[in-house]
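**Student:** Please read through the structure below; I'll follow up with questions.
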2 protein chains.
Amino acid sequence: MKAEIISIGTELLLGQITDTNASYLASKLPEVGIDLLWVTQVGDNLGRMRECLERAWNRSELVLTSGGLGPTEDDLTREAIAALMGEELTVDPELEHELREFFSRRGYQMPQSNVKQATLIPSAQAIPNPRGTAPGWWVERDGRIIISMPGPPSELQRMWEKEVSQRLHERIPEIIVSRTLKTQLLAEAAVGEMVSPLLSSANPTLAVYAKVDGIHLRLTAKARSRDEAGQMIAQLEERVRDIMGDSIWGCDDETLESVVGALLTERGLTLATMESCTGGLLASTITDVPGSSDYFKGGLVSYTNEAKVLYGVDVALLERYGAVSAEVAGAMAEAARHRLGADIGVGITGVAGPDPLEGKPPGTAHIAIDDGNEKRLIKGTYPPLRHDVKRRATNHALFELRRTLLSAV
Amino acid sequence: MKAEIISIGTELLLGQITDTNASYLASKLPEVGIDLLWVTQVGDNLGRMRECLERAWNRSELVLTSGGLGPTEDDLTREAIAALMGEELTVDPELEHELREFFSRRGYQMPQSNVKQATLIPSAQAIPNPRGTAPGWWVERDGRIIISMPGPPSELQRMWEKEVSQRLHERIPEIIVSRTLKTQLLAEAAVGEMVSPLLSSANPTLAVYAKVDGIHLRLTAKARSRDEAGQMIAQLEERVRDIMGDSIWGCDDETLESVVGALLTERGLTLATMESCTGGLLASTITDVPGSSDYFKGGLVSYTNEAKVLYGVDVALLERYGAVSAEVAGAMAEAARHRLGADIGVGITGVAGPDPLEGKPPGTAHIAIDDGNEKRLIKGTYPPLRHDVKRRATNHALFELRRTLLSAV
């Protein structure tokens, strides 16, 4: 079933709110086997709304609208649909009764303007909305459907979950299953080239996306049952994993910090950090995981050489190699481990920029991981923007930490 | 000038990302005097993209696109525009040279697929993008304009600010001047009520927005000259400041960390931190400011009681008051100051959640600021979501640090 979304409201076009209703519905439609082909935002203008609805009615089997069902003069969704269908709006006595009840339960008398929320056209059925005063509309004619939902996200989400999704799903014979594999250390184009023989597959499909935590690969399959779609995904995943190898670090909802946290918990190991160029971002990212206090002993942010020495880095190393060096990163990892009594220490030193440091350009970083048996020293080079350097070096350190944890069986 | 936005990418239609580029651009267009009438999201499908572009080209004077400029096969924005204009794509030698330089500066060889990012059509000029590999396109013909920008928000936002907005603005006869005042500690509805008498003004306008660093007030004036608009803004700003008082901490591009950094620099003071529930986010935020190494001595992340004691917090205080207490926050601030030899120490302890700690609910935090003369102890209560607690407590500490710095004349 081909679907489109029309998001209604001038506040969207003024950038006063972001259209989270469209992304919410978009994320739900695959689960019920519906393909979303277009999303349109339009203001509270009857002519432009009607034009959008007419185009949608002609090209899509299902049209979902959000917004414009309120009681004020600029709420025009009902009027636009009635005009499109050439049908007349009339007040439904039962809806009007329910609406008056809604207000009296809250101790108010219903303002007269709210009566328009009790109107219907012959092709429309009301969809209950216990969270607000605007019932939805389920409009059906000539095998096509328009579903109009209110704009406030909590009302729209309840309506989708309790009233709409099941009813739609019963009409769809197909299931869509998606899975995301996440990589580190490779550029988008490099990943694209590596998997290019698989990109032309029509079902299941493979797509490549650049995200803040690396390049993601999305596998999507359409089938008559969840099992069949799952098998198609599994076969494609095997081929992708053969190509991408150990640059894949996680999938779906996993984050670098959750993957590292799970490995530390599983192995009963603890962690400590000392960081300079990332300025605390590594510690902060590690502690984004609930329960991280079980394995994270603490972190040291050493933004000066004095602080590094104070935390236990040998001053002779700083003098000999400079603060931005593999040797100092190694000493930082070791000092963090000792100082905080942790099993594993991570050290990061580098140049966040915008200015060079010790003659090294912004975007240079040295990462060290010391697990007591071995000290791994890794060099990183990133785009020379302060925020990017901090984020990339943090991700890189977590990725390498995962590697260390996986090899330390 | 009538404008529309086309946001390109199948990941939008699958609900994997929310279209923040459209809301970003929508919020910027009024400043340059442009009316936005439509936003459309379309997937990585050449036929549907071309159809959207054609409709936009026929009905709008300005079309802004985001996304689809990457190097992979499903990045089709350039192809769709070329098809619409009936023009041929060719590789621009200068762009190709710049692209190869971009890669070699990072120590990589350019993958062959990236060459398509160096293509142009006769009606298109490249728009520089130092943050990524995809230059934008400025397409102009028959008095109409298409501006194509890359999808990653940091690239799109830089391109808008540095390359596009001024050039567009020069074509519009009216001047629009905007100024944003930023507040802390107040809820959006409370700010809205406080300034409600000013909200109905048509020119200059006042609008209220909730942002991660507090509630913002945007003042916008439209006039024939910059001076005239500036005067209108100044008068409105005075009225707003009378109402909001010292909950306003900054304006326009200022961040809490940049304001604090400027005050520290001005007064020649240094800073050190010890944090538990914020897990390093305070240190990381402070070091987001270029040059922060001049005043930030370092930070300690004490995610366990042992670490707090190790860093110099008296174990008796922890036993008597618990880790989540004003007393321990004060001791953390003092210990950070002493340990790192800084003029000012900040301590934060609290419950990030999801579970309560020592019987205290998630969202509880104690902040302490010790400048050697006085120890200020502040309690914070935030929405009990882990990320919100970390962010709010960090902002709150920076806001209070600004207060301390302002009073210590």
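The way I read the labels, and the way they are meant: chains A, B, ... in the order of the structure tokens, residue 1 as the first residue of every chain, and ligand 1 as the first ligand shown, with later ones counted on from there.
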Within 9 Å of Leu14 in chain B, counting only C-alpha atoms, which residues show up once you throw out same-chain ones fewer than 6 positions away? Write them as a PDB file with N, CA and C atoms, in the first residue's frame, please.
**Tutor:**
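Once everything was written out, this is part_3.pdb:
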```pdb
ATOM      1  N   SER A  23       7.939  11.984  11.403  1.00  0.00           N
ATOM      2  CA  SER A  23       8.964  10.948  11.604  1.00  0.00           C
ATOM      3  C   SER A  23       8.429   9.831  12.495  1.00  0.00           C
ATOM      4  N   LEU A  25       5.226   8.717  12.525  1.00  0.00           N
ATOM      5  CA  LEU A  25       4.400   7.869  11.652  1.00  0.00           C
ATOM      6  C   LEU A  25       5.274   7.116  10.650  1.00  0.00           C
ATOM      7  N   ALA A  26       6.283   7.802  10.112  1.00  0.00           N
ATOM      8  CA  ALA A  26       7.175   7.156   9.143  1.00  0.00           C
ATOM      9  C   ALA A  26       7.845   5.928   9.759  1.00  0.00           C
ATOM     10  N   SER A  27       8.219   6.034  11.043  1.00  0.00           N
ATOM     11  CA  SER A  27       8.907   4.896  11.673  1.00  0.00           C
ATOM     12  C   SER A  27       7.945   3.756  11.951  1.00  0.00           C
ATOM     13  N   LYS A  28       6.637   4.050  12.033  1.00  0.00           N
ATOM     14  CA  LYS A  28       5.641   3.016  12.338  1.00  0.00           C
ATOM     15  C   LYS A  28       5.101   2.317  11.091  1.00  0.00           C
ATOM     16  N   LEU A  29       5.088   3.006   9.952  1.00  0.00           N
ATOM     17  CA  LEU A  29       4.430   2.452   8.769  1.00  0.00           C
ATOM     18  C   LEU A  29       5.062   1.151   8.269  1.00  0.00           C
ATOM     19  N   PRO A  30       6.412   1.030   8.274  1.00  0.00           N
ATOM     20  CA  PRO A  30       6.980  -0.237   7.787  1.00  0.00           C
ATOM     21  C   PRO A  30       6.478  -1.444   8.580  1.00  0.00           C
ATOM     22  N   ASP A  35       4.284   1.379   2.489  1.00  0.00           N
ATOM     23  CA  ASP A  35       5.390   2.157   1.928  1.00  0.00           C
ATOM     24  C   ASP A  35       5.045   3.636   1.939  1.00  0.00           C
ATOM     25  N   LEU A  36       5.904   4.420   2.571  1.00  0.00           N
ATOM     26  CA  LEU A  36       5.693   5.864   2.577  1.00  0.00           C
ATOM     27  C   LEU A  36       6.495   6.488   1.447  1.00  0.00           C
TER      28      LEU A  36
END
```
**Student:** I need the residues in range 323-379 of chain B that are helix (DSSP H, G or I) according to DSSP; give them as a list in words.
**Tutor:** Ala326, Glu327, Val328, Ala329, Gly330, Ala331, Met332, Ala333, Glu334, Ala335, Ala336, Arg337, His338, Arg339 and Leu340 of chain B
**Student:** When you look at Lys390 in chain B with a cut-off of 8 Å (counting only C-alpha atoms), what residues show up, excluding the ones that are within fewer than 6 positions of it in the same chain? I need them as an mmCIF file with N, CA and C atoms, in the first residue's frame.
**Tutor:**
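Everything below was put into around.cif:
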```cif
data_model
loop_
_atom_site.group_PDB
_atom_site.id
_atom_site.type_symbol
_atom_site.label_atom_id
_atom_site.label_comp_id
_atom_site.auth_asym_id
_atom_site.auth_seq_id
_atom_site.Cartn_x
_atom_site.Cartn_y
_atom_site.Cartn_z
ATOM 1 N N CYS B 277 27.353 12.823 38.745
ATOM 2 C CA CYS B 277 26.193 12.455 37.919
ATOM 3 C C CYS B 277 26.293 12.955 36.479
ATOM 4 N N THR B 278 27.024 14.051 36.259
ATOM 5 C CA THR B 278 27.160 14.558 34.895
ATOM 6 C C THR B 278 28.271 13.821 34.132
ATOM 7 N N GLY B 279 29.062 13.035 34.837
ATOM 8 C CA GLY B 279 29.971 12.055 34.207
ATOM 9 C C GLY B 279 30.995 12.617 33.233
ATOM 10 N N LEU B 281 30.399 15.549 31.469
ATOM 11 C CA LEU B 281 29.755 16.453 30.506
ATOM 12 C C LEU B 281 30.081 17.919 30.805
ATOM 13 N N ALA B 352 21.513 10.614 38.178
ATOM 14 C CA ALA B 352 21.167 10.693 36.760
ATOM 15 C C ALA B 352 20.033 9.727 36.417
#
```
**Student:** Could you list, as number ranges by chain, every residue within 6 Å of range 178-181 of chain B, counting only C-alpha atoms and ignoring same-chain residues fewer than 5 positions away?
**Tutor:** B: 216-220, 251-252
**Student:** Store the residues of this selection in a file with C-alpha atoms, as an mmCIF file, in the first residue's frame.
**Tutor:**
```cif
data_model
loop_
_atom_site.group_PDB
_atom_site.id
_atom_site.type_symbol
_atom_site.label_atom_id
_atom_site.label_comp_id
_atom_site.auth_asym_id
_atom_site.auth_seq_id
_atom_site.Cartn_x
_atom_site.Cartn_y
_atom_site.Cartn_z
ATOM 1 C CA HIS B 216 15.105 31.611 24.094
ATOM 2 C CA LEU B 217 13.304 34.820 23.215
ATOM 3 C CA ARG B 218 13.638 35.862 19.568
ATOM 4 C CA LEU B 219 13.100 39.512 18.671
ATOM 5 C CA THR B 220 12.618 40.226 14.960
ATOM 6 C CA CYS B 251 22.365 36.433 23.389
ATOM 7 C CA ASP B 252 22.669 35.328 19.753
#
```
**Student:** Excluding same-chain residues fewer than 5 positions from Gly299 in chain B, what lies within 9 Å of it counting only C-alpha atoms, as a ChimeraX atom specification?
**Tutor:** /A:279-280,299-303 /B:271-275,280,282-283,336,340
**Student:** Which residues are close to Glu98 in chain A, i.e. within 12 Å by only C-alpha atoms, leaving aside same-chain residues fewer than 3 positions away? Reply as a ChimeraX atom specification.
**Tutor:** /A:92-95,101-105,110,114-115,117-118,126,128-130,132-135
**Student:** Please give the complete set of residues from range 183-372 of chain B that DSSP, run on the backbone, assigns to strand (DSSP E or B), formatted as number ranges by chain.
**Tutor:** B: 183, 205-211, 214-223, 248-251, 271-275, 296-302, 344-350, 357, 360, 364-370
**Student:** To one decimal in Å, tell me the separation between CA of Trp38 in chain A and CA of Arg226 in chain A.
**Tutor:**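 Interatomic distance here is 25.4 Å.
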**Student:** With a distance cut-off of 6 Å and only C-alpha atoms, select the neighbouring residues of Ile176 in chain A, excluding the residue or stretch itself and same-chain residues fewer than 3 positions from it, and output the selection as an MDAnalysis selection string.
**Tutor:** chainID A and resid 30:31 33 221:222
**Student:** How many Å lie between CA of Gly322 in chain B and CA of Gly312 in chain A, rounded to one decimal?
**Tutor:**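 Interatomic distance here is 28.8 Å.
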**Student:** B:Lys379, B:Arg78, B:Lys211, B:His366: which is nearest chain A, counting only C-alpha atoms?
**Tutor:** B:Lys211
**Student:** Counting only C-alpha atoms, which residue out of B:Ile8, B:Leu318, B:Ala365, B:Ile233 sits closest to chain A?
**Tutor:**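 Ranking B:Ile8, B:Leu318, B:Ala365, B:Ile233 by distance to chain A, first place goes to B:Ile8.
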